[in-house]
$ cat model_20.cif   # mmCIF, C-alpha atoms and all ligand atoms
data_data
loop_
_atom_site.label_atom_id
_atom_site.label_comp_id
_atom_site.auth_asym_id
_atom_site.auth_seq_id
_atom_site.Cartn_x
_atom_site.Cartn_y
_atom_site.Cartn_z
CA MET O 168 -35.21 -207.85 -183.43
CA LYS O 169 -37.51 -206.57 -180.79
CA GLY O 170 -38.99 -208.91 -178.17
CA LEU O 171 -42.66 -209.73 -177.77
CA GLY O 172 -42.62 -207.49 -174.72
CA GLN O 173 -42.97 -204.44 -176.95
CA TYR O 174 -46.56 -205.53 -177.70
CA ALA O 175 -47.48 -206.07 -174.08
CA ALA O 176 -48.38 -202.46 -173.30
CA PRO O 177 -50.63 -201.87 -176.37
CA ILE O 178 -52.26 -205.29 -175.90
CA PHE O 179 -52.87 -204.51 -172.23
CA MET O 180 -54.28 -201.06 -173.09
CA GLY O 181 -56.44 -202.52 -175.88
CA ALA O 182 -57.71 -205.26 -173.61
CA SER O 183 -58.48 -202.74 -170.85
CA LEU O 184 -60.33 -200.57 -173.31
CA LEU O 185 -62.31 -203.52 -174.60
CA TYR O 186 -63.06 -204.60 -171.03
CA ALA O 187 -64.13 -201.08 -170.08
CA LEU O 188 -66.38 -200.78 -173.12
CA GLY O 189 -67.73 -204.26 -172.45
CA GLN O 190 -68.43 -203.25 -168.85
CA LYS O 191 -70.20 -200.12 -170.02
CA HIS O 192 -72.17 -202.14 -172.49
CA ARG O 193 -73.19 -204.65 -169.82
CA GLU O 194 -74.09 -201.84 -167.44
CA ASP O 195 -76.18 -200.20 -170.21
CA LEU O 196 -78.04 -203.43 -170.79
CA ARG O 197 -78.60 -203.88 -167.05
CA LYS O 198 -79.89 -200.33 -166.79
CA ALA O 199 -82.17 -200.84 -169.79
CA ARG O 200 -83.53 -203.97 -168.15
CA ARG O 201 -84.10 -202.08 -164.90
CA ASP O 202 -85.84 -199.24 -166.75
CA ARG O 203 -88.05 -201.60 -168.67
CA ALA O 204 -88.96 -203.48 -165.49
CA HIS O 205 -89.76 -200.14 -163.82
CA ASN O 206 -92.02 -199.15 -166.67
CA ARG O 207 -93.67 -202.55 -166.87
CA TYR O 208 -94.44 -202.89 -163.20
CA GLY O 209 -95.29 -199.25 -162.74
CA LYS O 210 -92.71 -198.63 -160.00
CA SER O 211 -91.61 -195.32 -161.50
CA ARG O 212 -94.81 -193.38 -161.44
CA GLY O 213 -93.12 -189.99 -161.28
CA LYS O 214 -93.83 -187.53 -164.05
CA ARG O 215 -91.15 -187.65 -166.73
CA THR O 216 -89.28 -184.46 -167.25
CA GLY O 217 -87.97 -183.36 -170.63
CA SER O 218 -84.37 -183.56 -169.43
CA LYS O 219 -84.46 -187.02 -167.87
CA LYS O 220 -82.55 -189.52 -170.04
CA GLU O 221 -83.69 -193.09 -170.35
CA MET O 222 -82.69 -196.24 -172.19
CA LYS O 223 -85.05 -197.26 -174.94
CA LEU O 224 -85.27 -200.37 -177.05
CA THR O 225 -86.00 -198.84 -180.46
CA GLU O 226 -86.49 -200.43 -183.88
CA LYS O 227 -82.78 -199.97 -184.56
CA GLY O 228 -81.50 -201.11 -181.18
CA LEU O 229 -80.78 -199.86 -177.71
CA ALA O 230 -80.65 -196.08 -177.64
CA VAL O 231 -80.63 -193.20 -175.17
CA GLY O 232 -84.04 -191.55 -175.04
CA ASN O 233 -84.66 -187.88 -174.34
CA GLY O 234 -87.18 -188.65 -171.64
CA ASP O 235 -90.04 -187.48 -173.82
CA GLY O 236 -90.49 -190.63 -175.86
CA ARG O 237 -88.02 -189.60 -178.58
CA THR O 238 -84.51 -190.83 -179.26
CA ASP O 239 -81.63 -189.09 -180.89
CA PRO O 240 -80.40 -191.13 -183.93
CA GLY O 241 -76.78 -190.66 -182.77
CA SER O 242 -77.51 -192.16 -179.36
CA LEU O 243 -77.60 -195.79 -180.46
CA LEU O 244 -75.60 -197.90 -177.99
CA CYS O 245 -76.02 -201.17 -179.76
CA ALA O 246 -77.90 -202.46 -182.75
CA VAL O 247 -80.24 -205.39 -182.29
CA TYR O 248 -80.88 -207.87 -185.08
CA ALA O 249 -83.44 -210.60 -184.80
CA GLY O 250 -82.19 -213.87 -186.23
CA GLN O 251 -84.18 -217.04 -186.62
CA ASP O 252 -83.57 -218.31 -183.10
CA ALA O 253 -81.61 -215.58 -181.46
CA LEU O 254 -81.33 -211.88 -180.91
CA HIS O 255 -77.94 -210.53 -182.06
CA VAL O 256 -76.61 -207.53 -180.23
CA LEU O 257 -73.89 -205.51 -181.95
CA PRO O 258 -72.42 -202.56 -180.02
CA SER O 259 -72.30 -199.49 -182.18
CA HIS O 260 -68.82 -198.50 -181.01
CA PRO O 261 -66.39 -198.69 -183.96
CA LEU O 262 -63.58 -200.22 -181.86
CA LEU O 263 -65.67 -203.32 -181.27
CA PRO O 264 -66.63 -204.56 -184.69
CA SER O 265 -67.50 -208.08 -183.72
CA LEU O 266 -65.97 -208.98 -180.37
CA LEU O 267 -69.13 -208.36 -178.43
CA ARG O 268 -71.52 -209.68 -181.04
CA TYR O 269 -73.27 -212.45 -179.24
CA PRO O 270 -76.55 -214.19 -179.90
CA LEU O 271 -79.08 -214.27 -177.11
CA PRO O 272 -81.01 -217.52 -177.56
CA LEU O 273 -84.72 -216.87 -177.67
CA SER O 274 -87.88 -218.83 -177.53
CA ARG O 275 -88.99 -219.58 -181.07
CA GLY O 276 -91.18 -216.92 -182.57
CA PHE O 277 -89.75 -213.91 -180.77
CA SER O 278 -88.71 -211.18 -183.09
CA PRO O 279 -89.19 -207.43 -183.13
CA THR O 280 -91.08 -208.03 -186.37
CA SER O 281 -93.35 -210.72 -184.98
CA ILE O 282 -97.10 -210.15 -185.40
CA LEU O 283 -99.83 -212.03 -183.56
CA VAL O 284 -102.80 -212.89 -185.78
CA THR O 285 -105.86 -214.36 -184.05
CA GLY O 286 -108.14 -216.30 -186.38
CA GLY O 287 -105.27 -216.36 -188.89
CA ALA O 288 -106.30 -219.74 -190.31
CA GLY O 289 -109.66 -218.30 -191.43
CA TYR O 290 -110.79 -216.77 -194.70
CA ILE O 291 -109.52 -213.19 -194.42
CA GLY O 292 -106.92 -214.10 -191.78
CA SER O 293 -105.04 -216.57 -194.00
CA HIS O 294 -104.82 -214.03 -196.85
CA THR O 295 -103.54 -211.45 -194.39
CA VAL O 296 -100.94 -213.83 -192.92
CA LEU O 297 -99.68 -214.44 -196.46
CA LEU O 298 -99.22 -210.73 -197.09
CA LEU O 299 -97.59 -210.17 -193.70
CA VAL O 300 -95.01 -212.89 -194.38
CA GLU O 301 -94.42 -211.50 -197.88
CA ALA O 302 -93.84 -208.11 -196.25
CA GLY O 303 -91.10 -209.64 -194.07
CA TYR O 304 -92.97 -210.22 -190.82
CA GLU O 305 -92.92 -213.38 -188.81
CA VAL O 306 -96.46 -214.34 -187.85
CA VAL O 307 -97.75 -216.25 -184.85
CA VAL O 308 -101.29 -217.46 -185.51
CA VAL O 309 -103.66 -218.28 -182.66
CA ASP O 310 -106.74 -220.09 -183.88
CA SER O 311 -109.10 -222.62 -182.32
CA LEU O 312 -109.86 -224.03 -185.81
CA VAL O 313 -113.58 -223.82 -185.02
CA ASN O 314 -114.20 -222.59 -188.60
CA SER O 315 -110.94 -223.37 -190.41
CA CYS O 316 -108.15 -225.90 -190.63
CA GLU O 317 -104.39 -225.89 -190.35
CA GLU O 318 -103.99 -226.80 -194.02
CA ALA O 319 -104.74 -223.15 -194.90
CA LEU O 320 -101.61 -222.11 -193.00
CA ARG O 321 -99.50 -224.88 -194.56
CA ARG O 322 -100.50 -223.52 -197.96
CA VAL O 323 -99.74 -219.96 -196.89
CA GLY O 324 -96.27 -221.13 -195.78
CA ALA O 325 -95.72 -222.88 -199.12
CA LEU O 326 -96.98 -219.92 -201.19
CA THR O 327 -94.63 -217.52 -199.43
CA GLY O 328 -91.66 -219.91 -199.52
CA HIS O 329 -91.22 -219.21 -195.78
CA PRO O 330 -93.14 -221.86 -193.84
CA GLU O 331 -90.88 -221.19 -190.85
CA LYS O 332 -92.34 -217.69 -190.57
CA VAL O 333 -95.87 -218.98 -190.04
CA ILE O 334 -96.04 -220.29 -186.48
CA PHE O 335 -99.30 -221.90 -185.51
CA CYS O 336 -100.64 -222.23 -181.97
CA LYS O 337 -103.95 -224.02 -181.68
CA ALA O 338 -105.68 -222.19 -178.85
CA ASP O 339 -109.06 -220.82 -177.97
CA LEU O 340 -109.17 -217.20 -176.82
CA LEU O 341 -111.60 -218.33 -174.13
CA ASP O 342 -108.75 -220.35 -172.61
CA GLU O 343 -106.90 -217.59 -170.80
CA GLN O 344 -104.05 -219.84 -169.70
CA ALA O 345 -103.40 -221.10 -173.21
CA LEU O 346 -103.33 -217.51 -174.45
CA GLU O 347 -100.95 -216.49 -171.68
CA SER O 348 -98.63 -219.31 -172.62
CA VAL O 349 -98.60 -218.12 -176.29
CA PHE O 350 -97.49 -214.69 -175.09
CA ALA O 351 -94.98 -216.16 -172.65
CA THR O 352 -93.48 -218.49 -175.27
CA HIS O 353 -93.59 -216.33 -178.38
CA GLY O 354 -93.96 -212.86 -176.78
CA GLY O 355 -92.55 -209.55 -177.91
CA PHE O 356 -95.30 -209.08 -180.48
CA ARG O 357 -95.10 -205.86 -182.35
CA ALA O 358 -98.81 -205.83 -183.04
CA CYS O 359 -101.91 -207.96 -183.02
CA VAL O 360 -104.36 -208.36 -185.88
CA HIS O 361 -107.58 -209.72 -184.39
CA PHE O 362 -109.90 -211.80 -186.60
CA ALA O 363 -110.95 -214.61 -184.27
CA GLY O 364 -114.68 -214.56 -183.76
CA LEU O 365 -117.86 -216.33 -184.73
CA LYS O 366 -119.38 -214.60 -187.75
CA ALA O 367 -122.57 -216.30 -188.99
CA VAL O 368 -125.34 -213.71 -188.82
CA GLY O 369 -128.21 -216.26 -188.84
CA GLU O 370 -126.56 -218.47 -186.21
CA SER O 371 -126.01 -215.44 -184.00
CA VAL O 372 -129.74 -214.72 -184.05
CA ALA O 373 -130.42 -218.32 -183.04
CA LYS O 374 -127.62 -218.51 -180.43
CA PRO O 375 -126.97 -215.03 -179.07
CA LEU O 376 -125.43 -216.21 -175.79
CA LEU O 377 -122.85 -218.26 -177.67
CA TYR O 378 -121.90 -215.23 -179.75
CA TYR O 379 -121.70 -212.80 -176.84
CA ALA O 380 -119.74 -215.22 -174.66
CA ASN O 381 -117.35 -216.21 -177.40
CA ASN O 382 -116.61 -212.97 -179.21
CA LEU O 383 -116.66 -210.63 -176.22
CA THR O 384 -114.92 -212.80 -173.62
CA GLY O 385 -112.29 -213.96 -176.12
CA THR O 386 -111.48 -210.35 -177.00
CA LEU O 387 -111.27 -209.30 -173.35
CA HIS O 388 -108.79 -212.11 -172.67
CA LEU O 389 -106.76 -211.00 -175.67
CA LEU O 390 -106.72 -207.34 -174.62
CA ASN O 391 -105.67 -208.27 -171.09
CA ALA O 392 -102.84 -210.45 -172.38
CA MET O 393 -101.67 -207.71 -174.75
CA HIS O 394 -101.77 -205.20 -171.92
CA ARG O 395 -99.79 -207.48 -169.60
CA HIS O 396 -97.15 -208.12 -172.26
CA GLY O 397 -96.82 -204.57 -173.60
CA CYS O 398 -98.21 -205.21 -177.09
CA LYS O 399 -99.86 -201.89 -177.94
CA ILE O 400 -100.92 -202.03 -181.57
CA MET O 401 -104.26 -203.63 -182.38
CA VAL O 402 -105.82 -203.94 -185.82
CA PHE O 403 -109.37 -205.14 -185.31
CA SER O 404 -111.48 -206.86 -187.93
CA SER O 405 -114.89 -205.25 -187.47
CA SER O 406 -117.84 -205.20 -189.81
CA ALA O 407 -120.21 -202.89 -191.66
CA THR O 408 -123.01 -204.34 -189.53
CA VAL O 409 -122.09 -201.83 -186.78
CA TYR O 410 -123.71 -199.11 -188.92
CA GLY O 411 -127.06 -200.80 -188.37
CA SER O 412 -129.75 -198.83 -190.15
CA ALA O 413 -127.48 -195.96 -191.32
CA GLN O 414 -127.99 -194.65 -194.84
CA SER O 415 -125.61 -195.98 -197.52
CA PRO O 416 -123.00 -195.09 -198.65
CA VAL O 417 -121.83 -195.01 -195.03
CA THR O 418 -118.92 -192.90 -193.86
CA GLU O 419 -116.92 -193.58 -190.69
CA ASP O 420 -118.41 -190.59 -188.86
CA GLN O 421 -121.98 -191.86 -189.20
CA PRO O 422 -123.45 -193.08 -185.89
CA VAL O 423 -122.90 -196.72 -185.04
CA GLY O 424 -124.77 -199.07 -182.74
CA GLN O 425 -128.28 -198.00 -183.76
CA GLY O 426 -130.60 -200.49 -185.40
CA ILE O 427 -128.10 -203.37 -185.45
CA THR O 428 -130.15 -206.33 -186.58
CA ASN O 429 -128.23 -209.29 -185.13
CA PRO O 430 -126.07 -210.33 -182.15
CA TYR O 431 -123.01 -210.87 -184.38
CA GLY O 432 -123.11 -207.17 -185.33
CA GLN O 433 -123.67 -206.23 -181.67
CA THR O 434 -120.50 -208.11 -180.66
CA LYS O 435 -118.50 -206.14 -183.24
CA TYR O 436 -120.03 -202.90 -181.94
CA PHE O 437 -119.28 -203.77 -178.29
CA ILE O 438 -115.70 -204.73 -179.13
CA GLU O 439 -115.23 -201.40 -180.88
CA LYS O 440 -116.46 -199.76 -177.66
CA PHE O 441 -114.05 -201.85 -175.52
CA LEU O 442 -111.19 -200.70 -177.73
CA GLU O 443 -112.21 -197.04 -177.79
CA ASP O 444 -112.79 -196.88 -174.03
CA PHE O 445 -109.52 -198.61 -173.22
CA GLN O 446 -107.55 -196.46 -175.67
CA ARG O 447 -108.99 -193.32 -174.03
CA SER O 448 -108.01 -194.49 -170.54
CA PRO O 449 -104.68 -193.55 -168.89
CA GLU O 450 -103.53 -197.19 -169.18
CA GLY O 451 -104.33 -197.45 -172.85
CA LYS O 452 -103.52 -194.00 -174.16
CA SER O 453 -100.27 -195.05 -175.82
CA TRP O 454 -102.09 -197.83 -177.70
CA LYS O 455 -102.70 -197.52 -181.42
CA VAL O 456 -105.97 -199.13 -182.37
CA VAL O 457 -107.10 -199.41 -185.98
CA ILE O 458 -110.65 -200.62 -186.55
CA LEU O 459 -111.39 -201.90 -190.05
CA ARG O 460 -115.05 -202.22 -191.02
CA TYR O 461 -115.54 -204.73 -193.83
CA PHE O 462 -118.27 -204.81 -196.39
CA ASN O 463 -118.87 -208.47 -197.30
CA PRO O 464 -115.52 -209.54 -198.69
CA VAL O 465 -115.62 -211.85 -201.71
CA GLY O 466 -112.90 -213.64 -203.65
CA ALA O 467 -109.85 -215.81 -203.11
CA HIS O 468 -106.11 -215.69 -203.65
CA GLU O 469 -105.32 -215.66 -207.38
CA SER O 470 -103.33 -218.90 -207.00
CA GLY O 471 -106.57 -220.75 -206.17
CA ARG O 472 -104.71 -222.32 -203.19
CA ILE O 473 -106.44 -220.40 -200.39
CA GLY O 474 -110.04 -219.23 -200.09
CA GLU O 475 -113.12 -219.62 -197.92
CA ASP O 476 -113.45 -223.09 -196.44
CA PRO O 477 -117.06 -224.27 -196.61
CA SER O 478 -117.49 -225.31 -192.82
CA GLY O 479 -119.22 -207.48 -201.85
CA SER O 480 -115.92 -206.39 -201.32
CA ASP O 481 -112.50 -207.37 -202.61
CA LEU O 482 -110.93 -210.04 -200.31
CA PRO O 483 -107.23 -209.94 -201.33
CA ALA O 484 -107.39 -206.14 -201.24
CA GLU O 485 -108.98 -206.30 -197.77
CA ALA O 486 -106.04 -208.36 -196.60
CA GLU O 487 -103.82 -205.58 -197.96
CA GLY O 488 -105.90 -203.16 -195.90
CA HIS O 489 -104.49 -204.84 -192.76
CA LEU O 490 -100.92 -204.18 -193.83
CA ALA O 491 -101.82 -200.59 -194.62
CA ALA O 492 -103.40 -200.35 -191.15
CA LEU O 493 -100.23 -201.70 -189.50
CA ASP O 494 -98.07 -199.23 -191.41
CA TYR O 495 -100.45 -196.46 -190.44
CA ALA O 496 -100.22 -197.40 -186.75
CA LYS O 497 -96.42 -197.72 -186.88
CA ALA O 498 -96.06 -194.37 -188.64
CA ARG O 499 -97.76 -192.67 -185.70
CA GLY O 500 -94.67 -193.28 -183.58
CA HIS O 501 -95.50 -192.74 -179.92
CA HIS O 502 -98.83 -191.05 -180.56
CA GLY O 503 -101.62 -193.33 -179.49
CA GLY O 504 -105.12 -193.15 -180.90
CA CYS O 505 -108.11 -195.04 -182.15
CA PHE O 506 -108.75 -194.88 -185.89
CA VAL O 507 -111.63 -196.28 -187.91
CA PHE O 508 -111.70 -197.11 -191.63
CA ASN O 509 -114.23 -198.60 -194.00
CA LEU O 510 -112.81 -201.22 -196.34
CA GLY O 511 -115.08 -201.67 -199.31
CA THR O 512 -115.42 -200.99 -203.00
CA GLY O 513 -117.79 -198.07 -202.51
CA LYS O 514 -120.26 -199.83 -204.76
CA GLY O 515 -123.17 -202.02 -203.73
CA TYR O 516 -123.99 -205.21 -205.61
CA SER O 517 -127.40 -206.82 -205.49
CA VAL O 518 -127.77 -210.55 -204.87
CA LEU O 519 -128.93 -210.96 -208.49
CA GLU O 520 -125.82 -209.15 -209.77
CA MET O 521 -123.73 -211.60 -207.72
CA VAL O 522 -125.59 -214.54 -209.25
CA THR O 523 -125.02 -213.20 -212.79
CA ALA O 524 -121.33 -212.58 -212.11
CA MET O 525 -120.90 -216.13 -210.76
CA GLU O 526 -122.69 -217.53 -213.82
CA LYS O 527 -120.24 -215.60 -216.01
CA ALA O 528 -117.18 -216.75 -214.06
CA SER O 529 -118.23 -220.41 -213.97
CA GLY O 530 -119.86 -220.60 -217.40
CA ARG O 531 -122.77 -222.37 -215.72
CA LYS O 532 -126.41 -221.60 -215.15
CA ILE O 533 -127.21 -221.07 -211.46
CA ASN O 534 -130.68 -222.00 -210.30
CA TYR O 535 -132.19 -219.77 -207.65
CA VAL O 536 -135.37 -219.14 -205.73
CA ILE O 537 -136.27 -215.68 -204.46
CA GLY O 538 -137.34 -216.02 -200.82
CA GLU O 539 -137.66 -214.07 -197.59
CA ARG O 540 -134.74 -212.07 -196.25
CA ARG O 541 -132.66 -214.11 -193.76
CA PRO O 542 -133.11 -213.18 -190.09
CA GLY O 543 -130.68 -210.43 -189.15
CA ASP O 544 -129.80 -209.36 -192.74
CA LEU O 545 -130.03 -205.71 -193.80
CA ASP O 546 -131.56 -204.73 -197.14
CA GLU O 547 -128.67 -202.56 -198.31
CA VAL O 548 -125.33 -201.43 -196.92
CA TYR O 549 -122.33 -200.24 -198.87
CA SER O 550 -119.36 -198.12 -197.99
CA ASP O 551 -117.84 -194.80 -198.69
CA PRO O 552 -114.19 -195.96 -198.62
CA SER O 553 -112.62 -192.55 -199.39
CA LYS O 554 -111.09 -192.14 -195.90
CA ALA O 555 -109.10 -195.38 -196.30
CA GLU O 556 -107.91 -194.20 -199.69
CA ARG O 557 -106.92 -190.78 -198.36
CA GLU O 558 -105.26 -191.85 -195.09
CA LEU O 559 -104.19 -195.47 -195.57
CA GLY O 560 -103.49 -195.24 -199.29
CA TRP O 561 -105.76 -198.29 -199.65
CA LYS O 562 -108.24 -198.89 -202.45
CA ALA O 563 -110.17 -201.94 -203.62
CA THR O 564 -108.70 -202.48 -207.05
CA ARG O 565 -110.70 -205.39 -208.38
CA GLY O 566 -114.15 -205.45 -209.85
CA LEU O 567 -116.91 -208.03 -209.36
CA ASP O 568 -115.67 -210.08 -212.36
CA ASP O 569 -112.14 -210.40 -210.90
CA MET O 570 -113.49 -211.41 -207.50
CA THR O 571 -115.89 -214.04 -208.85
CA ARG O 572 -113.22 -215.41 -211.23
CA ASP O 573 -110.80 -216.01 -208.32
CA LEU O 574 -113.61 -217.40 -206.21
CA TRP O 575 -114.52 -219.86 -208.98
CA ARG O 576 -110.88 -220.91 -209.43
CA TRP O 577 -110.68 -221.65 -205.70
CA GLN O 578 -113.97 -223.62 -205.81
CA GLN O 579 -112.83 -225.68 -208.79
CA GLN O 580 -109.46 -226.52 -207.30
CA ASN O 581 -110.89 -227.19 -203.83
CA PRO O 582 -114.47 -228.44 -204.19
CA GLN O 583 -114.42 -229.82 -200.63
CA GLY O 584 -112.44 -226.91 -199.18
CA TYR O 585 -109.14 -227.75 -197.44
CA ILE O 586 -108.90 -231.53 -197.51
O1 LIG O 601 -113.66 -218.16 -180.97
C1 LIG O 601 -113.15 -218.27 -182.06
C2 LIG O 601 -113.86 -218.07 -183.25
C3 LIG O 601 -113.23 -218.21 -184.45
N1 LIG O 601 -111.91 -218.55 -184.49
C4 LIG O 601 -111.20 -218.67 -185.76
O2 LIG O 601 -111.23 -217.38 -186.36
C5 LIG O 601 -111.20 -217.53 -187.77
C6 LIG O 601 -112.29 -216.69 -188.37
O3 LIG O 601 -112.23 -216.85 -189.75
P1 LIG O 601 -113.52 -217.07 -190.65
O4 LIG O 601 -113.08 -217.66 -191.95
O5 LIG O 601 -114.59 -217.75 -189.87
O6 LIG O 601 -113.98 -215.58 -190.81
P2 LIG O 601 -113.54 -214.48 -191.88
O7 LIG O 601 -112.09 -214.43 -192.02
O8 LIG O 601 -114.38 -214.56 -193.10
O9 LIG O 601 -114.12 -213.25 -191.08
C7 LIG O 601 -113.42 -212.16 -190.60
O10 LIG O 601 -114.11 -211.03 -190.99
C8 LIG O 601 -115.44 -210.97 -190.54
C9 LIG O 601 -116.01 -209.68 -191.07
O11 LIG O 601 -116.63 -209.90 -192.28
C10 LIG O 601 -115.47 -210.98 -189.04
O12 LIG O 601 -114.91 -209.80 -188.56
C11 LIG O 601 -114.70 -212.17 -188.51
O13 LIG O 601 -114.59 -212.04 -187.10
C12 LIG O 601 -113.34 -212.20 -189.10
O14 LIG O 601 -112.66 -213.38 -188.70
C13 LIG O 601 -111.37 -219.03 -188.07
O15 LIG O 601 -110.13 -219.55 -188.44
C14 LIG O 601 -111.85 -219.60 -186.76
O16 LIG O 601 -111.44 -220.94 -186.59
C15 LIG O 601 -111.19 -218.74 -183.32
O17 LIG O 601 -110.00 -219.02 -183.36
N2 LIG O 601 -111.83 -218.59 -182.14
#

$ encode --input "model_20.cif" --output "structure tokens"
Amino acid sequence: MKGLGQYAAPIFMGASLLYALGQKHREDLRKARRDRAHNRYGKSRGKRTGSKKEMKLTEKGLAVGNGDGRTDPGSLLCAVYAGQDALHVLPSHPLLPSLLRYPLPLSRGFSPTSILVTGGAGYIGSHTVLLLVEAGYEVVVVDSLVNSCEEALRRVGALTGHPEKVIFCKADLLDEQALESVFATHGGFRACVHFAGLKAVGESVAKPLLYYANNLTGTLHLLNAMHRHGCKIMVFSSSATVYGSAQSPVTEDQPVGQGITNPYGQTKYFIEKFLEDFQRSPEGKSWKVVILRYFNPVGAHESGRIGEDPSGSDLPAEAEGHLAALDYAKARGHHGGCFVFNLGTGKGYSVLEMVTAMEKASGRKINYVIGERRPGDLDEVYSDPSKAERELGWKATRGLDDMTRDLWRWQQQNPQGYI
């Protein structure tokens, strides 16, 4: 019988190998951290050359980059998996199947698939959060609840079966410190979908300063926080009002900003300008900005559980438009840009057609009085949505009857809204 000593040499060699690989792995991680810190704080301002290698945290894990923004698929040093509360790092070397797998505890909410949604408790926001969770994302919602309530998000969590993936932070975008603490606590956002904003056309005519201060300042705080924390994908919820007096059906290349009839529309126009100007600047050129211009969304989720809280286009489909926009931005890899899409049915409905459709859906007679146009309202605006269909693969699929039926179901099940 041989003694245990015969195993000593292989064990020693194996252990040395493991130690050496572990050392290399730790050194790689340290180097990656250094590189990231350099990039973040702008210490390495030198022009990158095609031959200079760099460590990159990619979707699949830590990889060696070519120095030109690309990575070679074979260069993966370790895979990174996001768990519920931890980041799991698994070295790709076959000799180390599990020895170096260790969870890095993280603040709740961090995940490479985490999306920040501002105004996510609102009408379109809550439908979008639902679709994002169904698509596998974890969502951090920042909302001041000025025009919504948390119950909408509880219902979204219940409908998806993943309440843990809907993380709510009550915060006002005007409160820069609160916003900073959301990024510091939940950071690492892959993208931001920005809905938060005041949206009542009539009120904006009566209180323009409130609208300018709120919508513009809040967005500037958000953009600064995203910039500080390296979140470079923005999907912005804009509005058809930016087309002002343009002739319908409006296409994305028609001029914007002329003849806008109300301060709400002006805020959307100015925010589009902020985004375009920043994206064109050296600091923002790697950002991917997708601007979605809505055309009066109508409807509710088919479950009747979420809809517009009482405090024509197709609402659930518009929420899908946000996912399509995220996919579009992600598919552009490292190529930044600013892209604009109309989301609408391509068909205009008159107010009387809406009344008739609601009568049909509810089986009730609706009394109405024909009066003056409300301050700030346009007479007619409807979209040409063909660019979204061509480039995003998005199309409004439901007709007026479907939208009013879902809207009526929501109204019947929730006559007082979310209570
Ligand atoms: O300063 C603010 C203003 C609003 N909100 C929140 O933002 C959400 C906005 O949702 P709404 O239901 O009021 O609005 P919609 O989802 O219907 O509207 C969305 O689409 C509109 C276009 O039709 C506008 O683009 C609007 O900004 C965008 O939120 C609400 O939860 C509200 O509480 C904030 O958190 N901070």

$ axis_aligned_box --input "model_20.cif" --around "stretch 562-580 of chain O" --padding-each-side "4 Å" --output "JSON"
{"center_x": -112.6, "center_y": -212.7, "center_z": -207.4, "size_x": 16.7, "size_y": 35.6, "size_z": 17.9}

$ atom_distance --input "model_20.cif" --atom1 "atom CA of O:Val372" --atom2 "atom CA of O:Lys337"
27.5 Å

$ residues_around --input "model_20.cif" --residues "O:Asn509" --least-positions-apart "2" --cutoff "12 Å" --atoms "only C-alpha atoms" --output "ChimeraX atom specification"
/O:403-410,416-421,457-464,480,485,488-489,492,506-507,511-513,548-559,561-563

$ closest_residue --input "model_20.cif" --among "O:Ala486, O:Val333, O:Ala363, O:Leu297" --to "ligand LIG 601 (chain O)" --atoms "all atoms listed in the file"
O:Ala363

$ residues_near_ligand --input "model_20.cif" --ligand "ligand LIG 601 (chain O)" --cutoff "6 Å" --atoms "only C-alpha atoms and all ligand atoms" --output "MDAnalysis selection string"
chainID O and resid 286:292 310:315 339 362:366 381 404:406 461 463

$ closest_residue --input "model_20.cif" --among "O:Ile533, O:Met521, O:Leu299, O:Cys359" --to "O:Asp568" --atoms "all atoms listed in the file"
O:Met521

$ atom_distance --input "model_20.cif" --atom1 "atom CA of O:Arg447" --atom2 "atom CA of O:Gly504"
7.9 Å

$ atom_distance --input "model_20.cif" --atom1 "atom CA of O:Val368" --atom2 "atom CA of O:His294"
22.0 Å

$ closest_residue --input "model_20.cif" --among "O:Gly560, O:Pro375, O:Gly538, O:Gly451" --to "O:Gly432" --atoms "all atoms listed in the file"
O:Pro375

$ closest_residue --input "model_20.cif" --among "O:Thr295, O:Thr280, O:Gln344, O:Thr384" --to "O:Arg357" --atoms "all atoms listed in the file"
O:Thr280

$ residues_around --input "model_20.cif" --residues "O:Arg572" --least-positions-apart "3" --cutoff "8 Å" --atoms "only C-alpha atoms" --output "PyMOL selection string"
chain O and resi 466+525+528-529+568-569+575-576

$ build_atoms --input "model_20.cif" --residues "stretch 570-576 of chain O" --atoms "N, CA and C atoms" --output "PDB file, keeping the file's coordinate frame"
ATOM      1  N   MET O 570    -113.262-210.715-208.781  1.00  0.00           N
ATOM      2  CA  MET O 570    -113.490-211.410-207.500  1.00  0.00           C
ATOM      3  C   MET O 570    -114.169-212.755-207.743  1.00  0.00           C
ATOM      4  N   THR O 571    -115.180-212.773-208.630  1.00  0.00           N
ATOM      5  CA  THR O 571    -115.890-214.040-208.850  1.00  0.00           C
ATOM      6  C   THR O 571    -115.002-215.016-209.622  1.00  0.00           C
ATOM      7  N   ARG O 572    -114.129-214.513-210.494  1.00  0.00           N
ATOM      8  CA  ARG O 572    -113.220-215.410-211.230  1.00  0.00           C
ATOM      9  C   ARG O 572    -112.297-216.137-210.239  1.00  0.00           C
ATOM     10  N   ASP O 573    -111.703-215.377-209.301  1.00  0.00           N
ATOM     11  CA  ASP O 573    -110.800-216.010-208.320  1.00  0.00           C
ATOM     12  C   ASP O 573    -111.566-216.966-207.405  1.00  0.00           C
ATOM     13  N   LEU O 574    -112.780-216.549-207.068  1.00  0.00           N
ATOM     14  CA  LEU O 574    -113.610-217.400-206.210  1.00  0.00           C
ATOM     15  C   LEU O 574    -113.903-218.720-206.919  1.00  0.00           C
ATOM     16  N   TRP O 575    -114.204-218.661-208.204  1.00  0.00           N
ATOM     17  CA  TRP O 575    -114.520-219.860-208.980  1.00  0.00           C
ATOM     18  C   TRP O 575    -113.277-220.758-209.116  1.00  0.00           C
ATOM     19  N   ARG O 576    -112.131-220.133-209.336  1.00  0.00           N
ATOM     20  CA  ARG O 576    -110.880-220.910-209.430  1.00  0.00           C
ATOM     21  C   ARG O 576    -110.652-221.690-208.139  1.00  0.00           C
TER      22      ARG O 576
END
